[in-house]
file input_34.tsv (TSV, C-alpha atoms (C1' of nucleotides))
chain	number	residue	atom	x	y	z
A	1	MET	CA	-73.53	29.45	233.03
A	2	PRO	CA	-70.87	28.52	230.64
A	3	GLU	CA	-69.39	30.46	227.81
A	4	LEU	CA	-65.83	31.54	227.48
A	5	PRO	CA	-66.14	34.76	229.52
A	6	GLU	CA	-68.00	33.11	232.38
A	7	VAL	CA	-65.56	30.22	232.52
A	8	GLU	CA	-62.66	32.65	232.40
A	9	SER	CA	-64.19	34.61	235.27
A	10	VAL	CA	-64.57	31.45	237.33
A	11	VAL	CA	-60.99	30.46	236.61
A	12	ARG	CA	-59.63	33.84	237.65
A	13	ALA	CA	-61.69	33.83	240.81
A	14	GLN	CA	-60.76	30.28	241.83
A	15	ARG	CA	-57.10	30.36	240.90
A	16	GLN	CA	-56.01	32.32	243.95
A	17	TRP	CA	-57.76	29.88	246.29
A	18	LEU	CA	-56.75	26.69	244.56
A	19	VAL	CA	-53.15	27.02	243.47
A	20	GLY	CA	-50.94	25.48	246.11
A	21	ARG	CA	-53.82	23.67	247.80
A	22	ARG	CA	-53.78	19.92	248.13
A	23	PHE	CA	-56.74	17.60	247.53
A	24	VAL	CA	-57.61	15.43	250.50
A	25	ASP	CA	-60.86	13.98	249.20
A	26	PHE	CA	-63.25	13.82	246.30
A	27	VAL	CA	-66.85	12.72	246.63
A	28	SER	CA	-69.27	12.40	243.74
A	29	HIS	CA	-73.01	12.46	244.24
A	30	TRP	CA	-73.66	11.92	240.54
A	31	PRO	CA	-70.97	9.46	239.48
A	32	ARG	CA	-72.30	9.08	235.97
A	33	ASN	CA	-70.85	12.50	235.10
A	34	ALA	CA	-67.35	11.70	236.34
A	35	ALA	CA	-64.81	10.25	233.92
A	36	PRO	CA	-63.28	7.78	233.69
A	37	SER	CA	-65.11	7.05	236.96
A	38	ALA	CA	-65.67	8.76	240.27
A	39	ALA	CA	-63.29	6.31	241.92
A	40	ALA	CA	-60.60	6.98	239.35
A	41	VAL	CA	-60.95	10.72	239.78
A	42	ARG	CA	-60.66	10.34	243.53
A	43	GLU	CA	-57.62	8.12	243.22
A	44	ALA	CA	-55.96	10.61	240.90
A	45	LEU	CA	-56.68	13.66	243.02
A	46	VAL	CA	-56.18	12.72	246.64
A	47	GLY	CA	-52.81	13.88	247.86
A	48	ARG	CA	-52.10	15.98	244.78
A	49	MET	CA	-51.37	19.66	244.83
A	50	VAL	CA	-52.88	22.17	242.43
A	51	ALA	CA	-50.16	23.63	240.21
A	52	ASP	CA	-52.37	25.83	238.10
A	53	VAL	CA	-55.95	26.66	237.17
A	54	TRP	CA	-56.62	27.83	233.64
A	55	ARG	CA	-59.06	27.60	230.78
A	56	ARG	CA	-59.26	25.89	227.41
A	57	ALA	CA	-62.43	26.74	225.49
A	58	LYS	CA	-65.19	26.22	228.06
A	59	TYR	CA	-63.18	23.76	230.14
A	60	ILE	CA	-61.78	24.65	233.53
A	61	VAL	CA	-58.40	22.95	233.65
A	62	VAL	CA	-56.71	22.17	236.95
A	63	THR	CA	-53.10	21.13	236.47
A	64	LEU	CA	-51.97	18.69	239.15
A	65	ALA	CA	-48.44	18.97	240.46
A	66	GLU	CA	-46.21	15.95	240.24
A	67	ASP	CA	-44.66	15.36	243.63
A	68	GLU	CA	-44.58	11.82	244.85
A	69	ALA	CA	-43.65	12.85	248.37
A	70	ALA	CA	-47.18	13.94	248.96
A	71	ARG	CA	-49.12	10.90	247.87
A	72	PRO	CA	-51.43	9.29	250.41
A	73	GLY	CA	-49.61	7.63	253.25
A	74	SER	CA	-46.93	10.25	253.45
A	75	SER	CA	-47.17	13.27	255.65
A	76	ARG	CA	-49.31	16.14	254.56
A	77	ARG	CA	-47.75	19.55	254.17
A	78	PRO	CA	-49.41	21.87	256.65
A	79	GLU	CA	-49.60	24.94	254.50
A	80	ALA	CA	-49.06	25.54	250.84
A	81	SER	CA	-45.59	26.91	250.83
A	82	ALA	CA	-44.05	28.60	247.88
A	83	GLY	CA	-44.52	27.60	244.38
A	84	SER	CA	-47.92	28.80	243.41
A	85	ARG	CA	-47.15	31.16	240.59
A	86	SER	CA	-43.92	29.61	239.43
A	87	ALA	CA	-45.44	26.16	239.51
A	88	SER	CA	-48.41	27.40	237.56
A	89	ASN	CA	-46.41	28.60	234.64
A	90	SER	CA	-44.57	25.37	234.17
A	91	GLY	CA	-47.60	23.27	234.94
A	92	ARG	CA	-49.54	24.73	232.09
A	93	ARG	CA	-47.01	23.89	229.46
A	94	SER	CA	-45.07	20.81	230.38
A	95	ALA	CA	-47.40	17.86	230.49
A	96	GLN	CA	-44.53	15.55	231.41
A	97	GLN	CA	-44.13	17.10	234.82
A	98	SER	CA	-47.80	17.05	235.65
A	99	ALA	CA	-49.75	14.37	237.47
A	100	GLY	CA	-52.51	14.88	234.99
A	101	TYR	CA	-55.37	17.28	234.72
A	102	LEU	CA	-58.71	17.72	236.36
A	103	LEU	CA	-61.18	19.04	233.81
A	104	ILE	CA	-64.49	20.59	234.73
A	105	HIS	CA	-67.11	21.49	232.15
A	106	LEU	CA	-70.04	23.45	233.49
A	107	ARG	CA	-72.31	22.77	230.50
A	108	MET	CA	-75.69	24.43	231.06
A	109	SER	CA	-76.00	25.00	234.77
A	110	GLY	CA	-72.81	24.03	236.56
A	111	ARG	CA	-71.16	26.32	239.10
A	112	LEU	CA	-68.44	26.16	241.72
A	113	GLU	CA	-69.05	27.24	245.27
A	114	TRP	CA	-66.95	27.18	248.40
A	115	PHE	CA	-68.61	25.84	251.48
A	116	THR	CA	-67.37	25.19	254.96
A	117	LEU	CA	-69.21	22.74	257.13
A	118	PRO	CA	-69.94	23.79	260.69
A	119	LYS	CA	-67.22	22.42	262.92
A	120	GLY	CA	-67.40	19.32	265.01
A	121	ASP	CA	-70.68	17.67	264.17
A	122	GLY	CA	-69.39	15.40	261.44
A	123	ALA	CA	-71.91	16.74	259.00
A	124	THR	CA	-71.93	15.21	255.52
A	125	ALA	CA	-73.57	16.22	252.30
A	126	ALA	CA	-76.46	13.99	253.22
A	127	LYS	CA	-77.30	16.09	256.24
A	128	TRP	CA	-76.06	19.57	255.68
A	129	PRO	CA	-77.50	22.47	257.58
A	130	ALA	CA	-80.28	24.59	256.17
A	131	GLY	CA	-79.06	27.18	253.72
A	132	SER	CA	-76.49	24.85	252.19
A	133	PRO	CA	-76.00	25.03	248.45
A	134	ALA	CA	-78.52	23.13	246.34
A	135	HIS	CA	-77.82	20.56	243.64
A	136	VAL	CA	-74.40	19.53	244.93
A	137	ARG	CA	-73.08	16.89	242.51
A	138	ALA	CA	-69.51	16.63	243.74
A	139	GLU	CA	-67.23	17.87	246.51
A	140	PHE	CA	-63.54	18.61	246.39
A	141	GLU	CA	-62.02	18.77	249.83
A	142	PHE	CA	-58.69	20.49	250.46
A	143	ASP	CA	-55.92	20.43	253.00
A	144	ASN	CA	-57.02	23.68	254.59
A	145	GLY	CA	-60.46	22.28	255.35
A	146	GLY	CA	-62.03	24.12	252.46
A	147	ARG	CA	-64.62	22.35	250.37
A	148	LEU	CA	-65.26	23.29	246.78
A	149	LEU	CA	-68.68	22.17	245.65
A	150	PHE	CA	-69.65	21.41	242.10
A	151	CYS	CA	-73.32	22.35	241.91
A	152	ASP	CA	-75.34	21.59	238.83
A	153	ALA	CA	-79.11	21.70	238.68
A	154	ARG	CA	-79.37	20.00	235.30
A	155	LYS	CA	-76.67	17.40	235.83
A	156	PHE	CA	-75.15	18.11	232.41
A	157	GLY	CA	-71.80	19.18	233.81
A	158	ARG	CA	-68.77	16.91	233.55
A	159	ILE	CA	-65.79	16.22	235.77
A	160	ALA	CA	-62.89	14.32	234.29
A	161	TRP	CA	-59.34	13.40	235.10
A	162	THR	CA	-56.87	12.68	232.37
A	163	ARG	CA	-53.13	12.35	232.10
A	164	ASP	CA	-53.19	13.24	228.44
A	165	LEU	CA	-54.83	16.61	228.09
A	166	THR	CA	-54.94	16.45	224.32
A	167	SER	CA	-57.14	13.38	224.45
A	168	VAL	CA	-59.86	15.68	225.70
A	169	THR	CA	-59.04	18.91	223.91
A	170	ALA	CA	-57.84	17.67	220.53
A	171	HIS	CA	-61.17	18.37	218.88
A	172	LEU	CA	-61.26	22.00	219.98
A	173	GLY	CA	-60.64	24.82	217.55
A	174	VAL	CA	-58.76	28.08	217.93
A	175	GLU	CA	-59.03	30.25	221.04
A	176	PRO	CA	-60.65	33.44	219.77
A	177	LEU	CA	-58.62	35.58	222.16
A	178	ASP	CA	-55.31	34.10	221.07
A	179	ASP	CA	-53.05	36.17	218.84
A	180	GLU	CA	-53.32	33.69	216.01
A	181	PHE	CA	-57.05	34.36	215.67
A	182	ARG	CA	-56.89	36.99	212.93
A	183	PRO	CA	-59.14	37.85	209.98
A	184	ALA	CA	-57.07	35.72	207.61
A	185	MET	CA	-57.60	32.67	209.77
A	186	LEU	CA	-61.30	33.33	210.28
A	187	ARG	CA	-61.71	33.89	206.57
A	188	GLU	CA	-60.16	30.52	205.86
A	189	LEU	CA	-62.52	28.87	208.33
A	190	LEU	CA	-65.52	30.56	206.75
A	191	GLN	CA	-64.48	29.90	203.18
A	192	SER	CA	-63.66	26.25	203.69
A	193	ARG	CA	-67.30	25.36	204.14
A	194	SER	CA	-70.76	26.63	203.45
A	195	ARG	CA	-72.70	26.85	206.64
A	196	ALA	CA	-74.88	29.44	208.26
A	197	LEU	CA	-72.68	31.79	210.26
A	198	LYS	CA	-74.18	31.27	213.68
A	199	PRO	CA	-74.02	27.47	213.85
A	200	LEU	CA	-70.48	27.76	212.56
A	201	LEU	CA	-69.52	30.13	215.38
A	202	LEU	CA	-71.05	27.72	217.88
A	203	ASP	CA	-69.04	24.81	216.50
A	204	GLN	CA	-66.35	24.26	219.13
A	205	SER	CA	-64.13	22.41	216.72
A	206	LEU	CA	-63.69	25.59	214.67
A	207	VAL	CA	-63.64	28.42	217.19
A	208	ALA	CA	-63.66	27.31	220.81
A	209	GLY	CA	-65.52	29.07	223.58
A	210	ILE	CA	-68.29	31.00	221.87
A	211	GLY	CA	-71.80	30.11	223.03
A	212	ASN	CA	-75.29	31.23	222.20
A	213	ILE	CA	-75.17	34.62	223.88
A	214	TYR	CA	-71.88	35.82	222.46
A	215	ALA	CA	-72.57	34.42	219.00
A	216	ASP	CA	-75.64	36.63	218.82
A	217	GLU	CA	-73.76	39.58	220.25
A	218	ALA	CA	-70.78	39.23	217.93
A	219	LEU	CA	-72.97	38.92	214.85
A	220	HIS	CA	-74.86	42.04	215.80
A	221	ARG	CA	-71.69	44.00	216.39
A	222	ALA	CA	-70.45	42.88	212.99
A	223	GLY	CA	-73.74	43.67	211.27
A	224	LEU	CA	-74.14	40.12	209.99
A	225	HIS	CA	-77.27	38.01	209.82
A	226	PRO	CA	-76.88	34.63	211.57
A	227	LEU	CA	-78.06	32.79	208.47
A	228	THR	CA	-75.48	34.34	206.17
A	229	PRO	CA	-73.68	31.51	204.36
A	230	SER	CA	-70.15	31.46	205.71
A	231	ASP	CA	-68.54	31.39	202.26
A	232	ARG	CA	-70.39	34.50	201.18
A	233	VAL	CA	-69.03	36.83	203.84
A	234	GLU	CA	-67.01	39.61	202.25
A	235	PRO	CA	-63.42	40.17	203.43
A	236	GLU	CA	-64.37	43.47	205.07
A	237	ALA	CA	-67.17	41.75	206.98
A	238	VAL	CA	-64.82	38.95	208.07
A	239	LYS	CA	-62.59	41.62	209.55
A	240	ARG	CA	-65.54	43.14	211.39
A	241	LEU	CA	-66.63	39.74	212.66
A	242	CYS	CA	-63.17	38.87	213.87
A	243	SER	CA	-62.83	42.02	215.92
A	244	ALA	CA	-66.47	41.81	217.05
A	245	ILE	CA	-65.88	38.35	218.50
A	246	ARG	CA	-62.76	39.44	220.33
A	247	ALA	CA	-64.30	42.68	221.52
A	248	VAL	CA	-67.46	41.15	222.93
A	249	LEU	CA	-65.55	38.38	224.70
A	250	ARG	CA	-63.08	40.83	226.22
A	251	ASP	CA	-65.89	43.13	227.19
A	252	ALA	CA	-67.72	40.28	228.89
A	253	ILE	CA	-64.64	39.09	230.74
A	254	ARG	CA	-64.09	42.62	232.00
A	255	ARG	CA	-67.61	42.51	233.43
A	256	ASN	CA	-67.16	39.02	234.89
A	257	GLY	CA	-69.53	37.51	232.37
A	258	THR	CA	-73.28	37.52	231.98
A	259	SER	CA	-75.49	36.63	234.92
A	260	PHE	CA	-78.41	34.47	233.97
A	261	ASP	CA	-81.29	33.67	236.26
A	262	TRP	CA	-80.46	31.51	239.25
A	263	VAL	CA	-77.36	29.87	237.84
A	264	TYR	CA	-74.61	32.45	237.66
A	265	PRO	CA	-75.08	35.58	239.75
A	266	SER	CA	-71.79	37.41	239.62
A	267	GLY	CA	-71.41	39.13	236.26
A	268	THR	CA	-72.82	42.37	234.90
A	269	MET	CA	-72.58	41.82	231.15
A	270	GLN	CA	-76.33	41.23	230.97
A	271	ASP	CA	-76.78	45.01	231.33
A	272	HIS	CA	-74.71	45.58	228.22
A	273	LEU	CA	-76.02	42.95	225.82
A	274	ARG	CA	-77.22	44.41	222.55
A	275	VAL	CA	-79.52	41.68	221.26
A	276	TYR	CA	-79.51	38.51	223.37
A	277	GLY	CA	-82.64	38.31	225.50
A	278	ARG	CA	-83.82	41.74	224.29
A	279	THR	CA	-86.68	40.64	222.05
A	280	GLY	CA	-88.93	43.61	221.32
A	281	ALA	CA	-86.56	46.13	222.88
A	282	ALA	CA	-84.99	48.89	220.80
A	283	CYS	CA	-81.71	48.20	219.06
A	284	ARG	CA	-79.07	50.29	220.77
A	285	ALA	CA	-77.64	51.18	217.38
A	286	CYS	CA	-80.67	52.04	215.26
A	287	GLY	CA	-83.77	51.85	217.45
A	288	SER	CA	-85.47	49.04	215.56
A	289	ALA	CA	-87.16	46.32	217.59
A	290	ILE	CA	-84.98	43.29	218.32
A	291	VAL	CA	-86.45	40.16	216.78
A	292	ALA	CA	-86.25	36.56	218.02
A	293	LEU	CA	-85.84	33.68	215.63
A	294	ARG	CA	-84.65	30.13	215.65
A	295	VAL	CA	-81.38	29.13	214.03
A	296	GLY	CA	-80.05	25.62	214.37
A	297	GLN	CA	-82.46	24.90	217.22
A	298	ARG	CA	-81.07	27.81	219.20
A	299	GLY	CA	-82.88	30.92	220.25
A	300	THR	CA	-81.40	33.74	218.20
A	301	HIS	CA	-81.74	37.50	218.48
A	302	ILE	CA	-81.09	40.04	215.77
A	303	CYS	CA	-81.75	43.59	214.75
A	304	PRO	CA	-83.41	43.16	211.36
A	305	ARG	CA	-82.11	46.54	210.23
A	306	CYS	CA	-78.50	46.23	211.37
A	307	GLN	CA	-78.29	42.57	210.31
A	308	PRO	CA	-80.07	42.20	206.98
A	309	LEU	CA	-80.23	38.77	205.41
A	310	PRO	CA	-78.10	38.86	202.27
A	311	ARG	CA	-80.07	38.52	199.06
A	312	GLY	CA	-79.65	35.27	197.20
A	313	ARG	CA	-81.11	31.85	196.91
A	314	ALA	CA	-78.74	30.11	199.26
A	315	ALA	CA	-79.56	32.33	202.18
A	316	GLU	CA	-83.30	32.36	201.56
A	317	GLY	CA	-83.44	28.63	201.15
A	318	ARG	CA	-81.70	28.16	204.44
A	319	ALA	CA	-83.98	30.62	206.15
A	320	LEU	CA	-87.06	28.72	205.03
A	321	ARG	CA	-85.74	25.28	205.82
A	322	SER	CA	-84.59	26.26	209.27
A	323	GLY	CA	-88.00	27.67	210.09
A	324	SER	CA	-86.57	31.06	210.83
A	325	ALA	CA	-88.98	32.67	208.42
A	326	ARG	CA	-91.47	33.13	211.19
A	327	VAL	CA	-91.17	36.45	212.94
B	1	DT	C1'	-99.36	22.36	231.43
B	2	DG	C1'	-96.05	23.49	228.11
B	3	DG	C1'	-92.39	26.08	226.43
B	4	DT	C1'	-88.01	27.78	227.45
B	5	DA	C1'	-83.05	27.55	228.99
B	6	DT	C1'	-76.06	29.83	228.70
B	7	DG	C1'	-73.97	23.00	226.19
B	8	DT	C1'	-72.55	18.70	223.93
B	9	DT	C1'	-73.11	14.44	221.43
B	10	DC	C1'	-75.27	11.07	218.82
B	11	DC	C1'	-77.97	9.60	214.92
B	12	DA	C1'	-80.76	10.11	210.84
B	13	DA	C1'	-81.91	12.54	206.84
B	14	DA	C1'	-81.19	15.68	203.18
C	1	DT	C1'	-69.02	14.18	201.99
C	2	DT	C1'	-71.12	17.94	204.16
C	3	DT	C1'	-74.73	20.03	206.49
C	4	DT	C1'	-78.88	20.12	209.12
C	5	DG	C1'	-82.53	18.62	212.29
C	6	DG	C1'	-83.99	16.10	216.08
C	7	DA	C1'	-83.49	13.83	220.24
C	8	DA	C1'	-81.22	12.93	224.36
C	9	DC	C1'	-79.11	14.19	228.77
C	10	DA	C1'	-82.19	16.27	233.62
C	11	DT	C1'	-84.02	20.01	235.97
C	12	DA	C1'	-86.04	24.54	237.10
C	13	DC	C1'	-88.43	28.50	236.03
C	14	DC	C1'	-92.05	31.38	233.71

call {"tool": "encode", "arguments": {"input": "input_34.tsv", "output": "structure tokens"}}
result
Amino acid sequence: MPELPEVESVVRAQRQWLVGRRFVDFVSHWPRNAAPSAAAVREALVGRMVADVWRRAKYIVVTLAEDEAARPGSSRRPEASAGSRSASNSGRRSAQQSAGYLLIHLRMSGRLEWFTLPKGDGATAAKWPAGSPAHVRAEFEFDNGGRLLFCDARKFGRIAWTRDLTSVTAHLGVEPLDDEFRPAMLRELLQSRSRALKPLLLDQSLVAGIGNIYADEALHRAGLHPLTPSDRVEPEAVKRLCSAIRAVLRDAIRRNGTSFDWVYPSGTMQDHLRVYGRTGAACRACGSAIVALRVGQRGTHICPRCQPLPRGRAAEGRALRSGSARV
DNA sequence: TGGTATGTTCCAAA
DNA sequence: TTTTGGAACATACC
């Protein structure tokens, strides 16, 4: 269920439960998706306290507090005492004081779910009671007995521990909700290459966090066709696109994201989408039927009236080559 | 049965 | 060099 707003919603929901908690165990049921290895992640986590939970692009970032007193072998603190909020602020910025970072990427179908085993029967993931969460790929166990499950039907999700956060995030582009993301910056990104707009918006190394749903939504709000060559977008349209991106992401965060099928049930943005998944329905702006096409191998939804394809050989050539000419 | 799916990464081809 | 397409990852749903 992962795009920026959904990940942000998860982060906000989990932060209050996680900050100040201490890891007592980590178990992977799909070790291939743990980096550098499931054993290394376990070694890095056990005994560590969570200093902060935040987001970079579509990554959930858990900052681990550096306090040697609490490593395995020493006594466990009974309850998380102070330090949650104050620790979080420093933990986010000063890498030197952190014991590294746990990174979780949900990819296509990952989700986090709290689960408490029935007491006393020594149940394990292998023999959980009926009604337990499905597709559990990893378990994080905490000092209060809580168990955070990483569930992921498609097994695309990733769990990683790193001491050097930038080694993982260096390739990521600007956060679209950051102050620095302004029309001038977007214009430079668009002008510096000649690509169809939608694939460009999905490129995490340029703008980080936008996925298929919100790319479609932002382009519709801006009145731009997804195949528009990036270097042919007029300054006024760049402005519209910039605010459309920010507006749709903020809007979605406010509604806790978009709920899709069985994967992510908690948001309400799906009731307010203007084009994504609305093939054949009436455009909320002009009443025309929403049309589905294929752009860069991704399902794409547009209003043909609100988002006309700009005239010109470049755009038409791209449309034909990408197979989007149908429908 | 086949086509689809919110993501990322790799490779080949244009 | 840049951009695009395809496949791969693995599973569930319609």

call {"tool": "closest_atom_pairs", "arguments": {"input": "input_34.tsv", "of": "chain B", "to": "chain A", "cutoff": "12 Å", "atoms": "all atoms listed in the file", "output": "tab-separated table"}}
result
residue	atom	partner	partner_atom	distance
B:DT4	C1'	A:Gly299	CA	9.4
B:DA5	C1'	A:Met108	CA	8.3
B:DT6	C1'	A:Met1	CA	5.0
B:DG7	C1'	A:Arg107	CA	4.6
B:DT8	C1'	A:Arg107	CA	7.7
B:DT9	C1'	A:Phe156	CA	11.8
B:DA14	C1'	A:Arg321	CA	10.9

call {"tool": "write_last_selection", "arguments": {"input": "input_34.tsv", "atoms": "C-alpha atoms (C1' of nucleotides)", "output": "mmCIF file, keeping the file's coordinate frame"}}
result
data_model
loop_
_atom_site.group_PDB
_atom_site.id
_atom_site.type_symbol
_atom_site.label_atom_id
_atom_site.label_comp_id
_atom_site.auth_asym_id
_atom_site.auth_seq_id
_atom_site.Cartn_x
_atom_site.Cartn_y
_atom_site.Cartn_z
ATOM 1 C "C1'" DT B 4 -88.010 27.780 227.450
ATOM 2 C "C1'" DA B 5 -83.050 27.550 228.990
ATOM 3 C "C1'" DT B 6 -76.060 29.830 228.700
ATOM 4 C "C1'" DG B 7 -73.970 23.000 226.190
ATOM 5 C "C1'" DT B 8 -72.550 18.700 223.930
ATOM 6 C "C1'" DT B 9 -73.110 14.440 221.430
ATOM 7 C "C1'" DA B 14 -81.190 15.680 203.180
#

call {"tool": "interface_residues", "arguments": {"input": "input_34.tsv", "of": "chain C", "to": "chain A", "cutoff": "8 Å", "atoms": "all atoms listed in the file", "output": "list in words"}}
result
DT3, DT4, DG5, DC9, DA10, DT11 and DA12 of chain C

call {"tool": "atom_distance", "arguments": {"input": "input_34.tsv", "atom1": "atom CA of Arg278 of chain A", "atom2": "atom CA of Ala292 of chain A"}}
result
8.5 Å

call {"tool": "closest_residue", "arguments": {"input": "input_34.tsv", "among": "A:Val10, A:Ala34, A:Leu293, A:Leu165", "to": "Glu139 of chain A", "atoms": "all atoms listed in the file"}}
result
A:Ala34

call {"tool": "atom_distance", "arguments": {"input": "input_34.tsv", "atom1": "atom CA of Leu112 of chain A", "atom2": "atom CA of Leu172 of chain A"}}
result
23.3 Å

call {"tool": "closest_residue", "arguments": {"input": "input_34.tsv", "among": "A:Leu273, A:Cys242, A:Ala289, A:Leu227", "to": "Gly257 of chain A", "atoms": "all atoms listed in the file"}}
result
A:Leu273

call {"tool": "axis_aligned_box", "arguments": {"input": "input_34.tsv", "around": "segment 173-178 of chain A", "padding_each_side": "4 Å", "output": "lines of an AutoDock Vina configuration file"}}
result
center_x = -58.0
center_y = 30.2
center_z = 219.9
size_x = 13.3
size_y = 18.8
size_z = 12.6

call {"tool": "residues_around", "arguments": {"input": "input_34.tsv", "residues": "Ala13 of chain A", "least_positions_apart": "3", "cutoff": "12 Å", "atoms": "all atoms listed in the file", "output": "mmCIF file with C-alpha atoms, in the frame of the given file"}}
result
data_model
loop_
_atom_site.group_PDB
_atom_site.id
_atom_site.type_symbol
_atom_site.label_atom_id
_atom_site.label_comp_id
_atom_site.auth_asym_id
_atom_site.auth_seq_id
_atom_site.Cartn_x
_atom_site.Cartn_y
_atom_site.Cartn_z
ATOM 1 C CA GLU A 6 -68.000 33.110 232.380
ATOM 2 C CA VAL A 7 -65.560 30.220 232.520
ATOM 3 C CA GLU A 8 -62.660 32.650 232.400
ATOM 4 C CA SER A 9 -64.190 34.610 235.270
ATOM 5 C CA VAL A 10 -64.570 31.450 237.330
ATOM 6 C CA GLN A 16 -56.010 32.320 243.950
ATOM 7 C CA TRP A 17 -57.760 29.880 246.290
ATOM 8 C CA LEU A 18 -56.750 26.690 244.560
ATOM 9 C CA VAL A 19 -53.150 27.020 243.470
ATOM 10 C CA VAL A 53 -55.950 26.660 237.170
ATOM 11 C CA TRP A 54 -56.620 27.830 233.640
ATOM 12 C CA ILE A 60 -61.780 24.650 233.530
ATOM 13 C CA LEU A 112 -68.440 26.160 241.720
ATOM 14 C CA GLU A 113 -69.050 27.240 245.270
ATOM 15 C CA TRP A 114 -66.950 27.180 248.400
ATOM 16 C CA ILE A 253 -64.640 39.090 230.740
ATOM 17 C CA ASN A 256 -67.160 39.020 234.890
ATOM 18 C CA SER A 266 -71.790 37.410 239.620
ATOM 19 C CA GLY A 267 -71.410 39.130 236.260
#

call {"tool": "atom_distance", "arguments": {"input": "input_34.tsv", "atom1": "atom CA of Val41 of chain A", "atom2": "atom CA of Ala160 of chain A"}}
result
6.8 Å

call {"tool": "build_atoms", "arguments": {"input": "input_34.tsv", "residues": "segment 189-194 of chain A", "atoms": "all heavy atoms", "output": "mmCIF file, in the coordinates of the input"}}
result
data_model
loop_
_atom_site.group_PDB
_atom_site.id
_atom_site.type_symbol
_atom_site.label_atom_id
_atom_site.label_comp_id
_atom_site.auth_asym_id
_atom_site.auth_seq_id
_atom_site.Cartn_x
_atom_site.Cartn_y
_atom_site.Cartn_z
ATOM 1 N N LEU A 189 -61.505 29.726 207.703
ATOM 2 C CA LEU A 189 -62.520 28.870 208.330
ATOM 3 C C LEU A 189 -63.872 29.044 207.635
ATOM 4 O O LEU A 189 -64.586 28.072 207.382
ATOM 5 C CB LEU A 189 -62.675 29.225 209.814
ATOM 6 C CG LEU A 189 -61.593 28.748 210.767
ATOM 7 C CD1 LEU A 189 -61.850 29.287 212.172
ATOM 8 C CD2 LEU A 189 -61.552 27.230 210.794
ATOM 9 N N LEU A 190 -64.218 30.276 207.342
ATOM 10 C CA LEU A 190 -65.520 30.560 206.750
ATOM 11 C C LEU A 190 -65.599 30.083 205.299
ATOM 12 O O LEU A 190 -66.624 29.585 204.845
ATOM 13 C CB LEU A 190 -65.822 32.062 206.810
ATOM 14 C CG LEU A 190 -65.882 32.708 208.201
ATOM 15 C CD1 LEU A 190 -66.309 34.168 208.092
ATOM 16 C CD2 LEU A 190 -66.846 31.959 209.106
ATOM 17 N N GLN A 191 -64.486 30.243 204.598
ATOM 18 C CA GLN A 191 -64.480 29.900 203.180
ATOM 19 C C GLN A 191 -64.450 28.393 202.948
ATOM 20 O O GLN A 191 -64.909 27.901 201.930
ATOM 21 C CB GLN A 191 -63.252 30.523 202.496
ATOM 22 C CG GLN A 191 -63.294 32.036 202.401
ATOM 23 C CD GLN A 191 -64.353 32.521 201.417
ATOM 24 O OE1 GLN A 191 -64.513 31.955 200.342
ATOM 25 N NE2 GLN A 191 -65.087 33.558 201.798
ATOM 26 N N SER A 192 -63.886 27.670 203.911
ATOM 27 C CA SER A 192 -63.660 26.250 203.690
ATOM 28 C C SER A 192 -64.942 25.434 203.795
ATOM 29 O O SER A 192 -64.918 24.222 203.619
ATOM 30 C CB SER A 192 -62.637 25.728 204.696
ATOM 31 O OG SER A 192 -63.186 25.793 206.001
ATOM 32 N N ARG A 193 -66.026 26.091 204.110
ATOM 33 C CA ARG A 193 -67.300 25.360 204.140
ATOM 34 C C ARG A 193 -68.432 26.333 203.869
ATOM 35 O O ARG A 193 -68.221 27.541 203.824
ATOM 36 C CB ARG A 193 -67.487 24.647 205.478
ATOM 37 C CG ARG A 193 -67.552 25.544 206.678
ATOM 38 C CD ARG A 193 -66.930 24.874 207.873
ATOM 39 N NE ARG A 193 -65.490 25.036 207.866
ATOM 40 C CZ ARG A 193 -64.642 24.143 208.367
ATOM 41 N NH1 ARG A 193 -65.090 23.029 208.880
ATOM 42 N NH2 ARG A 193 -63.355 24.381 208.344
ATOM 43 N N SER A 194 -69.604 25.787 203.707
ATOM 44 C CA SER A 194 -70.760 26.630 203.450
ATOM 45 C C SER A 194 -71.832 26.331 204.485
ATOM 46 O O SER A 194 -72.674 25.468 204.306
ATOM 47 C CB SER A 194 -71.295 26.368 202.036
ATOM 48 O OG SER A 194 -72.359 27.256 201.764
#
